[in-house]
$ cat target29.txt   # compact mmCIF, N, CA, C and O atoms
# COMPACT_ATOMS: atom_id res chain seq x y z
N ASN A 1 0.85 -1.17 0.00
CA ASN A 1 0.00 0.00 0.00
C ASN A 1 0.89 1.24 0.00
O ASN A 1 1.57 1.53 0.98
N LYS A 2 0.89 1.96 -1.09
CA LYS A 2 1.77 3.12 -1.21
C LYS A 2 1.35 4.26 -0.30
O LYS A 2 2.21 4.96 0.25
N LEU A 3 0.06 4.49 -0.13
CA LEU A 3 -0.39 5.57 0.73
C LEU A 3 0.03 5.33 2.18
O LEU A 3 0.47 6.26 2.86
N GLY A 4 -0.07 4.10 2.64
CA GLY A 4 0.38 3.77 4.00
C GLY A 4 1.86 4.01 4.18
O GLY A 4 2.31 4.47 5.22
N GLY A 5 2.65 3.70 3.14
CA GLY A 5 4.09 3.94 3.21
C GLY A 5 4.43 5.41 3.25
O GLY A 5 5.32 5.84 3.98
N VAL A 6 3.70 6.20 2.48
CA VAL A 6 3.93 7.65 2.47
C VAL A 6 3.54 8.26 3.81
O VAL A 6 4.26 9.10 4.36
N ILE A 7 2.43 7.83 4.38
CA ILE A 7 2.01 8.34 5.69
C ILE A 7 3.02 7.95 6.76
O ILE A 7 3.37 8.77 7.62
N ALA A 8 3.51 6.72 6.73
CA ALA A 8 4.52 6.28 7.71
C ALA A 8 5.80 7.09 7.57
O ALA A 8 6.43 7.46 8.56
N LEU A 9 6.19 7.38 6.33
CA LEU A 9 7.40 8.17 6.10
C LEU A 9 7.24 9.58 6.65
O LEU A 9 8.13 10.10 7.35
N VAL A 10 6.11 10.21 6.37
CA VAL A 10 5.86 11.57 6.86
C VAL A 10 5.79 11.58 8.39
O VAL A 10 6.34 12.48 9.04
N MET A 11 5.14 10.59 8.98
CA MET A 11 5.03 10.53 10.44
C MET A 11 6.39 10.29 11.09
O MET A 11 6.66 10.83 12.17
N SER A 12 7.25 9.48 10.46
CA SER A 12 8.56 9.22 11.05
C SER A 12 9.42 10.47 11.06
O SER A 12 10.25 10.65 11.95
N ILE A 13 9.23 11.35 10.10
CA ILE A 13 9.97 12.62 10.09
C ILE A 13 9.29 13.64 10.99
O ILE A 13 9.96 14.37 11.73
N ALA A 14 7.96 13.70 10.96
CA ALA A 14 7.23 14.69 11.76
C ALA A 14 7.41 14.44 13.25
O ALA A 14 7.46 15.39 14.03
N ILE A 15 7.55 13.19 13.65
CA ILE A 15 7.70 12.88 15.07
C ILE A 15 9.02 13.44 15.61
O ILE A 15 9.11 13.80 16.78
N LEU A 16 10.01 13.55 14.75
CA LEU A 16 11.29 14.13 15.18
C LEU A 16 11.18 15.63 15.42
O LEU A 16 11.92 16.19 16.23
N PHE A 17 10.28 16.30 14.70
CA PHE A 17 10.06 17.73 14.93
C PHE A 17 9.18 17.98 16.14
O PHE A 17 9.31 19.00 16.81
N ILE A 18 8.27 17.06 16.44
CA ILE A 18 7.35 17.21 17.56
C ILE A 18 8.00 16.82 18.88
O ILE A 18 7.64 17.32 19.93
N LEU A 19 8.99 15.96 18.84
CA LEU A 19 9.61 15.42 20.03
C LEU A 19 10.15 16.50 20.99
O LEU A 19 9.91 16.40 22.20
N PRO A 20 10.86 17.53 20.54
CA PRO A 20 11.34 18.54 21.50
C PRO A 20 10.21 19.30 22.20
O PRO A 20 10.37 19.74 23.33
N ILE A 21 9.08 19.44 21.57
CA ILE A 21 7.95 20.14 22.18
C ILE A 21 7.37 19.30 23.32
O ILE A 21 6.93 19.84 24.34
N LEU A 22 7.39 18.00 23.17
CA LEU A 22 6.81 17.11 24.16
C LEU A 22 7.74 16.78 25.32
O LEU A 22 7.35 16.09 26.25
N HIS A 23 8.97 17.26 25.28
CA HIS A 23 9.96 16.95 26.32
C HIS A 23 9.63 17.73 27.59
O HIS A 23 9.81 18.95 27.64
N VAL A 24 9.14 17.04 28.61
CA VAL A 24 8.77 17.70 29.86
C VAL A 24 9.43 17.02 31.06
O VAL A 24 8.93 17.10 32.17
N ASN A 25 10.56 16.38 30.86
CA ASN A 25 11.25 15.70 31.96
C ASN A 25 11.84 16.72 32.92
O ASN A 25 12.17 17.84 32.55
N LYS A 26 12.02 16.30 34.16
CA LYS A 26 12.62 17.18 35.15
C LYS A 26 14.12 17.30 34.94
O LYS A 26 14.71 18.32 35.25
N SER A 27 14.75 16.27 34.42
CA SER A 27 16.17 16.29 34.11
C SER A 27 16.36 16.34 32.61
O SER A 27 15.57 15.77 31.86
N GLN A 28 17.43 16.97 32.17
CA GLN A 28 17.66 17.10 30.73
C GLN A 28 18.36 15.90 30.12
O GLN A 28 18.19 15.63 28.96
N GLY A 29 19.15 15.18 30.89
CA GLY A 29 19.93 14.08 30.34
C GLY A 29 19.32 12.73 30.67
O GLY A 29 18.43 12.60 31.50
N LEU A 30 19.86 11.70 30.02
CA LEU A 30 19.39 10.34 30.28
C LEU A 30 20.12 9.67 31.44
O LEU A 30 19.76 8.57 31.81
N GLN A 31 21.11 10.32 32.01
CA GLN A 31 21.89 9.67 33.06
C GLN A 31 21.04 9.39 34.31
O GLN A 31 21.38 8.52 35.10
N PHE A 32 19.91 10.09 34.49
CA PHE A 32 19.05 9.86 35.64
C PHE A 32 17.87 8.95 35.31
O PHE A 32 17.02 8.71 36.17
N TYR A 33 17.80 8.48 34.08
CA TYR A 33 16.72 7.62 33.64
C TYR A 33 17.30 6.31 33.09
O TYR A 33 17.48 6.16 31.89
N PRO A 34 17.58 5.33 33.96
CA PRO A 34 18.24 4.11 33.49
C PRO A 34 17.38 3.30 32.51
O PRO A 34 17.90 2.69 31.58
N LEU A 35 16.07 3.28 32.69
CA LEU A 35 15.22 2.55 31.75
C LEU A 35 15.20 3.22 30.38
O LEU A 35 15.13 2.55 29.35
N ASN A 36 15.30 4.53 30.37
CA ASN A 36 15.33 5.25 29.10
C ASN A 36 16.67 5.05 28.39
O ASN A 36 16.73 5.13 27.16
N GLN A 37 17.73 4.81 29.14
CA GLN A 37 19.00 4.48 28.51
C GLN A 37 18.90 3.16 27.76
O GLN A 37 19.40 3.03 26.64
N ILE A 38 18.23 2.19 28.37
CA ILE A 38 18.02 0.91 27.70
C ILE A 38 17.16 1.11 26.45
O ILE A 38 17.44 0.56 25.39
N LEU A 39 16.11 1.92 26.57
CA LEU A 39 15.25 2.21 25.42
C LEU A 39 16.00 2.93 24.31
O LEU A 39 15.72 2.73 23.13
N PHE A 40 16.96 3.78 24.68
CA PHE A 40 17.75 4.48 23.67
C PHE A 40 18.53 3.49 22.81
O PHE A 40 18.53 3.57 21.58
N TRP A 41 19.20 2.53 23.45
CA TRP A 41 19.96 1.55 22.69
C TRP A 41 19.05 0.61 21.92
O TRP A 41 19.41 0.14 20.84
N TYR A 42 17.87 0.36 22.45
CA TYR A 42 16.85 -0.39 21.73
C TYR A 42 16.48 0.35 20.45
O TYR A 42 16.36 -0.25 19.38
N MET A 43 16.35 1.65 20.53
CA MET A 43 16.01 2.47 19.36
C MET A 43 17.15 2.48 18.34
O MET A 43 16.90 2.44 17.13
N VAL A 44 18.37 2.53 18.79
CA VAL A 44 19.51 2.49 17.88
C VAL A 44 19.52 1.18 17.09
O VAL A 44 19.72 1.17 15.87
N ILE A 45 19.26 0.09 17.77
CA ILE A 45 19.22 -1.22 17.11
C ILE A 45 18.07 -1.27 16.10
O ILE A 45 18.22 -1.78 14.99
N ILE A 46 16.92 -0.72 16.48
CA ILE A 46 15.76 -0.71 15.58
C ILE A 46 16.07 0.09 14.32
O ILE A 46 15.74 -0.33 13.20
N ILE A 47 16.73 1.24 14.46
CA ILE A 47 17.06 2.06 13.29
C ILE A 47 18.05 1.33 12.38
O ILE A 47 17.91 1.35 11.15
N ILE A 48 19.04 0.67 12.98
CA ILE A 48 20.00 -0.10 12.17
C ILE A 48 19.29 -1.22 11.42
O ILE A 48 19.52 -1.44 10.22
N LEU A 49 18.39 -1.93 12.10
CA LEU A 49 17.67 -3.02 11.45
C LEU A 49 16.72 -2.52 10.37
O LEU A 49 16.57 -3.15 9.32
N LEU A 50 16.07 -1.38 10.61
CA LEU A 50 15.19 -0.81 9.58
C LEU A 50 15.98 -0.38 8.36
O LEU A 50 15.51 -0.53 7.22
N THR A 51 17.17 0.14 8.57
CA THR A 51 18.04 0.50 7.45
C THR A 51 18.43 -0.74 6.65
O THR A 51 18.42 -0.73 5.42
N TRP A 52 18.76 -1.80 7.35
CA TRP A 52 19.13 -3.05 6.68
C TRP A 52 17.94 -3.64 5.92
O TRP A 52 18.08 -4.08 4.78
N ILE A 53 16.76 -3.64 6.55
CA ILE A 53 15.56 -4.18 5.90
C ILE A 53 15.19 -3.37 4.67
O ILE A 53 14.70 -3.90 3.68
N GLY A 54 15.43 -2.06 4.70
CA GLY A 54 15.13 -1.22 3.56
C GLY A 54 15.96 -1.56 2.33
O GLY A 54 15.56 -1.28 1.20
N ALA A 55 17.11 -2.17 2.53
CA ALA A 55 17.97 -2.54 1.41
C ALA A 55 17.67 -3.94 0.89
O ALA A 55 18.23 -4.35 -0.13
N ARG A 56 16.81 -4.68 1.56
CA ARG A 56 16.46 -6.04 1.14
C ARG A 56 15.36 -5.99 0.08
O ARG A 56 14.58 -5.05 0.02
N PRO A 57 15.24 -7.05 -0.71
CA PRO A 57 14.15 -7.11 -1.70
C PRO A 57 12.80 -7.28 -1.00
O PRO A 57 12.72 -7.76 0.13
N VAL A 58 11.75 -6.87 -1.69
CA VAL A 58 10.40 -6.98 -1.14
C VAL A 58 9.93 -8.42 -1.29
O VAL A 58 9.34 -8.80 -2.30
N GLU A 59 10.22 -9.22 -0.29
CA GLU A 59 9.87 -10.63 -0.28
C GLU A 59 9.27 -10.97 1.07
O GLU A 59 9.30 -10.17 2.00
N SER A 60 8.78 -12.17 1.18
CA SER A 60 7.98 -12.60 2.32
C SER A 60 8.61 -12.37 3.70
O SER A 60 8.01 -11.71 4.51
N PRO A 61 9.77 -12.86 4.02
CA PRO A 61 10.22 -12.65 5.41
C PRO A 61 10.59 -11.20 5.70
O PRO A 61 10.45 -10.73 6.82
N PHE A 62 11.03 -10.47 4.70
CA PHE A 62 11.47 -9.09 4.92
C PHE A 62 10.30 -8.14 5.09
O PHE A 62 10.41 -7.14 5.80
N ILE A 63 9.18 -8.44 4.47
CA ILE A 63 7.99 -7.58 4.61
C ILE A 63 7.50 -7.61 6.05
O ILE A 63 7.27 -6.57 6.66
N LEU A 64 7.32 -8.80 6.60
CA LEU A 64 6.84 -8.93 7.97
C LEU A 64 7.84 -8.35 8.97
O LEU A 64 7.45 -7.66 9.91
N THR A 65 9.11 -8.59 8.74
CA THR A 65 10.14 -8.03 9.63
C THR A 65 10.11 -6.51 9.61
O THR A 65 10.20 -5.86 10.65
N GLY A 66 9.96 -5.92 8.44
CA GLY A 66 9.88 -4.46 8.33
C GLY A 66 8.66 -3.90 9.02
O GLY A 66 8.72 -2.85 9.66
N GLN A 67 7.53 -4.59 8.93
CA GLN A 67 6.31 -4.13 9.60
C GLN A 67 6.45 -4.19 11.11
O GLN A 67 6.05 -3.26 11.82
N ILE A 68 7.04 -5.26 11.60
CA ILE A 68 7.24 -5.39 13.05
C ILE A 68 8.21 -4.33 13.55
O ILE A 68 7.97 -3.69 14.58
N LEU A 69 9.29 -4.10 12.82
CA LEU A 69 10.26 -3.08 13.23
C LEU A 69 9.65 -1.68 13.17
O LEU A 69 9.98 -0.82 13.99
N THR A 70 8.76 -1.44 12.23
CA THR A 70 8.10 -0.13 12.15
C THR A 70 7.21 0.10 13.36
O THR A 70 7.19 1.19 13.93
N VAL A 71 6.48 -0.92 13.78
CA VAL A 71 5.65 -0.81 14.98
C VAL A 71 6.53 -0.55 16.20
O VAL A 71 6.21 0.29 17.06
N LEU A 72 7.65 -1.25 16.29
CA LEU A 72 8.57 -1.03 17.42
C LEU A 72 9.18 0.36 17.39
O LEU A 72 9.39 0.98 18.44
N TYR A 73 9.46 0.88 16.18
CA TYR A 73 10.01 2.24 16.04
C TYR A 73 9.04 3.27 16.60
O TYR A 73 9.43 4.14 17.38
N PHE A 74 7.77 3.18 16.23
CA PHE A 74 6.80 4.16 16.71
C PHE A 74 6.43 3.94 18.17
O PHE A 74 6.07 4.88 18.87
N SER A 75 6.53 2.70 18.66
CA SER A 75 6.23 2.45 20.07
C SER A 75 7.27 3.08 20.99
O SER A 75 6.96 3.39 22.14
N TYR A 76 8.47 3.28 20.49
CA TYR A 76 9.50 3.94 21.30
C TYR A 76 9.05 5.34 21.70
O TYR A 76 9.24 5.76 22.84
N TYR A 77 8.44 6.06 20.77
CA TYR A 77 8.02 7.44 21.04
C TYR A 77 6.80 7.50 21.95
O TYR A 77 6.49 8.56 22.49
N ILE A 78 6.13 6.38 22.14
CA ILE A 78 5.04 6.32 23.11
C ILE A 78 5.58 5.89 24.47
O ILE A 78 5.20 6.46 25.51
N LEU A 79 6.48 4.92 24.49
CA LEU A 79 7.01 4.38 25.75
C LEU A 79 7.98 5.32 26.45
O LEU A 79 7.99 5.40 27.68
N ASN A 80 8.80 6.03 25.71
CA ASN A 80 9.84 6.86 26.30
C ASN A 80 9.27 7.93 27.24
O ASN A 80 9.73 8.04 28.38
N PRO A 81 8.29 8.75 26.83
CA PRO A 81 7.74 9.73 27.78
C PRO A 81 7.01 9.09 28.96
O PRO A 81 7.06 9.60 30.07
N MET A 82 6.36 7.96 28.71
CA MET A 82 5.65 7.29 29.80
C MET A 82 6.62 6.79 30.87
O MET A 82 6.37 6.95 32.07
N ILE A 83 7.73 6.22 30.44
CA ILE A 83 8.72 5.73 31.40
C ILE A 83 9.40 6.89 32.11
O ILE A 83 9.69 6.81 33.30
N SER A 84 9.63 8.00 31.41
CA SER A 84 10.22 9.17 32.06
C SER A 84 9.31 9.72 33.14
O SER A 84 9.77 10.06 34.24
N LYS A 85 8.03 9.82 32.86
CA LYS A 85 7.08 10.32 33.87
C LYS A 85 7.00 9.36 35.06
O LYS A 85 6.93 9.79 36.21
N PHE A 86 7.00 8.06 34.77
CA PHE A 86 6.99 7.08 35.85
C PHE A 86 8.24 7.22 36.71
O PHE A 86 8.15 7.19 37.95
N TRP A 87 9.39 7.39 36.08
CA TRP A 87 10.64 7.49 36.82
C TRP A 87 10.68 8.78 37.65
O TRP A 87 11.18 8.78 38.78
N ASP A 88 10.14 9.90 37.12
CA ASP A 88 10.08 11.14 37.88
C ASP A 88 9.18 10.97 39.12
O ASP A 88 9.52 11.45 40.20
N LYS A 89 8.05 10.30 38.97
CA LYS A 89 7.17 10.07 40.10
C LYS A 89 7.80 9.10 41.11
O LYS A 89 7.62 9.23 42.31
N PHE A 90 8.55 8.12 40.60
CA PHE A 90 9.19 7.15 41.47
C PHE A 90 10.27 7.80 42.31
O PHE A 90 10.44 7.44 43.48
N LEU A 91 11.01 8.74 41.75
CA LEU A 91 12.08 9.41 42.50
C LEU A 91 11.57 10.41 43.51
O LEU A 91 12.24 10.72 44.49
N ASN A 92 10.38 10.95 43.27
CA ASN A 92 9.83 11.94 44.22
C ASN A 92 9.02 11.26 45.23
O ASN A 92 8.53 10.86 45.91
$ encode --input "target29.txt" --output "structure tokens"
Amino acid sequence: NKLGGVIALVMSIAILFILPILHVNKSQGLQFYPLNQILFWYMVIIIILLTWIGARPVESPFILTGQILTVLYFSYYILNPMISKFWDKFLN
């Protein structure tokens, strides 16, 4: 579905512009958020795998792998602020 791919592409770029607006953590760095440090490296691995999958031919195992990695990519932007808020409440 080409329209779905275009929407996913636009959303993956738009989320990077929206992310600084949504940053409401009490601390600026990740050194006080150990779970977010793990999520950061999880995101790095996801980006590397998505780059690799993008270079593969459009065939059966690569299609499903790309879809799963895309869901994981967008779930990072949902989980990261939630874990930060949880950690801020846990420390206070």
$ residues_around --input "target29.txt" --residues "A:Leu49" --least-positions-apart "6" --cutoff "8 Å" --atoms "all atoms listed in the file" --output "count of residues only"
7
$ atom_distance --input "target29.txt" --atom1 "atom N of A:Ile63" --atom2 "atom O of A:Asn36"
27.5 Å
$ closest_residue --input "target29.txt" --among "A:Asn1, A:Asn92, A:Ile15, A:Gln37" --to "A:Tyr77" --atoms "all atoms listed in the file"
A:Ile15
$ atom_distance --input "target29.txt" --atom1 "atom N of A:Ile53" --atom2 "atom O of A:Met11"
18.5 Å
$ closest_residue --input "target29.txt" --among "A:Ile45, A:Ala8, A:Leu35, A:Phe90" --to "A:Phe74" --atoms "only C-alpha atoms"
A:Ala8
$ atom_distance --input "target29.txt" --atom1 "atom C of A:Gly29" --atom2 "atom C of A:Ile46"
20.9 Å
$ axis_aligned_box --input "target29.txt" --around "stretch 72-87 of chain A" --padding-each-side "3 Å" --output "AutoDock Vina command-line options"
--center_x 8.1 --center_y 4.5 --center_z 27.4 --size_x 12.1 --size_y 17.6 --size_z 28.7
$ closest_residue --input "target29.txt" --among "A:Val6, A:Ile68, A:Trp87, A:Asn80" --to "A:Phe40" --atoms "all atoms listed in the file"
A:Asn80
$ closest_residue --input "target29.txt" --among "A:Leu30, A:Leu16, A:Leu9, A:Lys2" --to "A:Ile83" --atoms "only C-alpha atoms"
A:Leu30
$ select_by_dssp --input "target29.txt" --residues "chain A" --states "helix (DSSP H, G or I)" --output "ChimeraX atom specification"
/A:2-22,30-32,34-54,60-91
$ build_atoms --input "target29.txt" --residues "stretch 11-22 of chain A" --atoms "all heavy atoms" --output "PDB file, keeping the file's coordinate frame"
ATOM      1  N   MET A  11       5.140  10.590   8.980  1.00  0.00           N
ATOM      2  CA  MET A  11       5.030  10.530  10.440  1.00  0.00           C
ATOM      3  C   MET A  11       6.390  10.290  11.090  1.00  0.00           C
ATOM      4  O   MET A  11       6.660  10.830  12.170  1.00  0.00           O
ATOM      5  CB  MET A  11       4.046   9.440  10.857  1.00  0.00           C
ATOM      6  CG  MET A  11       2.606   9.772  10.542  1.00  0.00           C
ATOM      7  SD  MET A  11       2.066  11.319  11.281  1.00  0.00           S
ATOM      8  CE  MET A  11       2.195  10.930  12.998  1.00  0.00           C
ATOM      9  N   SER A  12       7.250   9.480  10.460  1.00  0.00           N
ATOM     10  CA  SER A  12       8.560   9.220  11.050  1.00  0.00           C
ATOM     11  C   SER A  12       9.420  10.470  11.060  1.00  0.00           C
ATOM     12  O   SER A  12      10.250  10.650  11.950  1.00  0.00           O
ATOM     13  CB  SER A  12       9.267   8.087  10.314  1.00  0.00           C
ATOM     14  OG  SER A  12       9.588   8.475   9.001  1.00  0.00           O
ATOM     15  N   ILE A  13       9.230  11.350  10.100  1.00  0.00           N
ATOM     16  CA  ILE A  13       9.970  12.620  10.090  1.00  0.00           C
ATOM     17  C   ILE A  13       9.290  13.640  10.990  1.00  0.00           C
ATOM     18  O   ILE A  13       9.960  14.370  11.730  1.00  0.00           O
ATOM     19  CB  ILE A  13      10.079  13.147   8.649  1.00  0.00           C
ATOM     20  CG1 ILE A  13      10.683  12.095   7.773  1.00  0.00           C
ATOM     21  CG2 ILE A  13      10.770  14.492   8.596  1.00  0.00           C
ATOM     22  CD1 ILE A  13      12.016  12.265   7.230  1.00  0.00           C
ATOM     23  N   ALA A  14       7.960  13.700  10.960  1.00  0.00           N
ATOM     24  CA  ALA A  14       7.230  14.690  11.760  1.00  0.00           C
ATOM     25  C   ALA A  14       7.410  14.440  13.250  1.00  0.00           C
ATOM     26  O   ALA A  14       7.460  15.390  14.030  1.00  0.00           O
ATOM     27  CB  ALA A  14       5.747  14.648  11.401  1.00  0.00           C
ATOM     28  N   ILE A  15       7.550  13.190  13.650  1.00  0.00           N
ATOM     29  CA  ILE A  15       7.700  12.880  15.070  1.00  0.00           C
ATOM     30  C   ILE A  15       9.020  13.440  15.610  1.00  0.00           C
ATOM     31  O   ILE A  15       9.110  13.800  16.780  1.00  0.00           O
ATOM     32  CB  ILE A  15       7.549  11.373  15.319  1.00  0.00           C
ATOM     33  CG1 ILE A  15       7.142  11.104  16.753  1.00  0.00           C
ATOM     34  CG2 ILE A  15       8.809  10.623  14.992  1.00  0.00           C
ATOM     35  CD1 ILE A  15       6.600   9.729  16.976  1.00  0.00           C
ATOM     36  N   LEU A  16      10.010  13.550  14.750  1.00  0.00           N
ATOM     37  CA  LEU A  16      11.290  14.130  15.180  1.00  0.00           C
ATOM     38  C   LEU A  16      11.180  15.630  15.420  1.00  0.00           C
ATOM     39  O   LEU A  16      11.920  16.190  16.230  1.00  0.00           O
ATOM     40  CB  LEU A  16      12.372  13.818  14.147  1.00  0.00           C
ATOM     41  CG  LEU A  16      12.694  12.333  13.962  1.00  0.00           C
ATOM     42  CD1 LEU A  16      13.696  12.156  12.830  1.00  0.00           C
ATOM     43  CD2 LEU A  16      13.194  11.715  15.244  1.00  0.00           C
ATOM     44  N   PHE A  17      10.280  16.300  14.700  1.00  0.00           N
ATOM     45  CA  PHE A  17      10.060  17.730  14.930  1.00  0.00           C
ATOM     46  C   PHE A  17       9.180  17.980  16.140  1.00  0.00           C
ATOM     47  O   PHE A  17       9.310  19.000  16.810  1.00  0.00           O
ATOM     48  CB  PHE A  17       9.420  18.375  13.691  1.00  0.00           C
ATOM     49  CG  PHE A  17      10.370  18.522  12.539  1.00  0.00           C
ATOM     50  CD1 PHE A  17      10.221  17.756  11.393  1.00  0.00           C
ATOM     51  CD2 PHE A  17      11.424  19.431  12.595  1.00  0.00           C
ATOM     52  CE1 PHE A  17      11.094  17.884  10.334  1.00  0.00           C
ATOM     53  CE2 PHE A  17      12.303  19.559  11.548  1.00  0.00           C
ATOM     54  CZ  PHE A  17      12.147  18.787  10.410  1.00  0.00           C
ATOM     55  N   ILE A  18       8.270  17.060  16.440  1.00  0.00           N
ATOM     56  CA  ILE A  18       7.350  17.210  17.560  1.00  0.00           C
ATOM     57  C   ILE A  18       8.000  16.820  18.880  1.00  0.00           C
ATOM     58  O   ILE A  18       7.640  17.320  19.930  1.00  0.00           O
ATOM     59  CB  ILE A  18       6.079  16.379  17.302  1.00  0.00           C
ATOM     60  CG1 ILE A  18       5.347  16.927  16.080  1.00  0.00           C
ATOM     61  CG2 ILE A  18       5.163  16.351  18.495  1.00  0.00           C
ATOM     62  CD1 ILE A  18       4.218  16.048  15.601  1.00  0.00           C
ATOM     63  N   LEU A  19       8.990  15.960  18.840  1.00  0.00           N
ATOM     64  CA  LEU A  19       9.610  15.420  20.030  1.00  0.00           C
ATOM     65  C   LEU A  19      10.150  16.500  20.990  1.00  0.00           C
ATOM     66  O   LEU A  19       9.910  16.400  22.200  1.00  0.00           O
ATOM     67  CB  LEU A  19      10.716  14.442  19.641  1.00  0.00           C
ATOM     68  CG  LEU A  19      11.277  13.559  20.730  1.00  0.00           C
ATOM     69  CD1 LEU A  19      10.181  12.670  21.299  1.00  0.00           C
ATOM     70  CD2 LEU A  19      12.397  12.715  20.203  1.00  0.00           C
ATOM     71  N   PRO A  20      10.860  17.530  20.540  1.00  0.00           N
ATOM     72  CA  PRO A  20      11.340  18.540  21.500  1.00  0.00           C
ATOM     73  C   PRO A  20      10.210  19.300  22.200  1.00  0.00           C
ATOM     74  O   PRO A  20      10.370  19.740  23.330  1.00  0.00           O
ATOM     75  CB  PRO A  20      12.169  19.494  20.643  1.00  0.00           C
ATOM     76  CG  PRO A  20      12.556  18.703  19.456  1.00  0.00           C
ATOM     77  CD  PRO A  20      11.433  17.745  19.220  1.00  0.00           C
ATOM     78  N   ILE A  21       9.080  19.440  21.570  1.00  0.00           N
ATOM     79  CA  ILE A  21       7.950  20.140  22.180  1.00  0.00           C
ATOM     80  C   ILE A  21       7.370  19.300  23.320  1.00  0.00           C
ATOM     81  O   ILE A  21       6.930  19.840  24.340  1.00  0.00           O
ATOM     82  CB  ILE A  21       6.879  20.434  21.118  1.00  0.00           C
ATOM     83  CG1 ILE A  21       7.443  21.376  20.064  1.00  0.00           C
ATOM     84  CG2 ILE A  21       5.620  21.032  21.739  1.00  0.00           C
ATOM     85  CD1 ILE A  21       6.575  21.518  18.839  1.00  0.00           C
ATOM     86  N   LEU A  22       7.390  18.000  23.170  1.00  0.00           N
ATOM     87  CA  LEU A  22       6.810  17.110  24.160  1.00  0.00           C
ATOM     88  C   LEU A  22       7.740  16.780  25.320  1.00  0.00           C
ATOM     89  O   LEU A  22       7.350  16.090  26.250  1.00  0.00           O
ATOM     90  CB  LEU A  22       6.371  15.803  23.481  1.00  0.00           C
ATOM     91  CG  LEU A  22       5.313  15.936  22.398  1.00  0.00           C
ATOM     92  CD1 LEU A  22       5.043  14.578  21.771  1.00  0.00           C
ATOM     93  CD2 LEU A  22       4.046  16.533  22.951  1.00  0.00           C
TER      94      LEU A  22
END
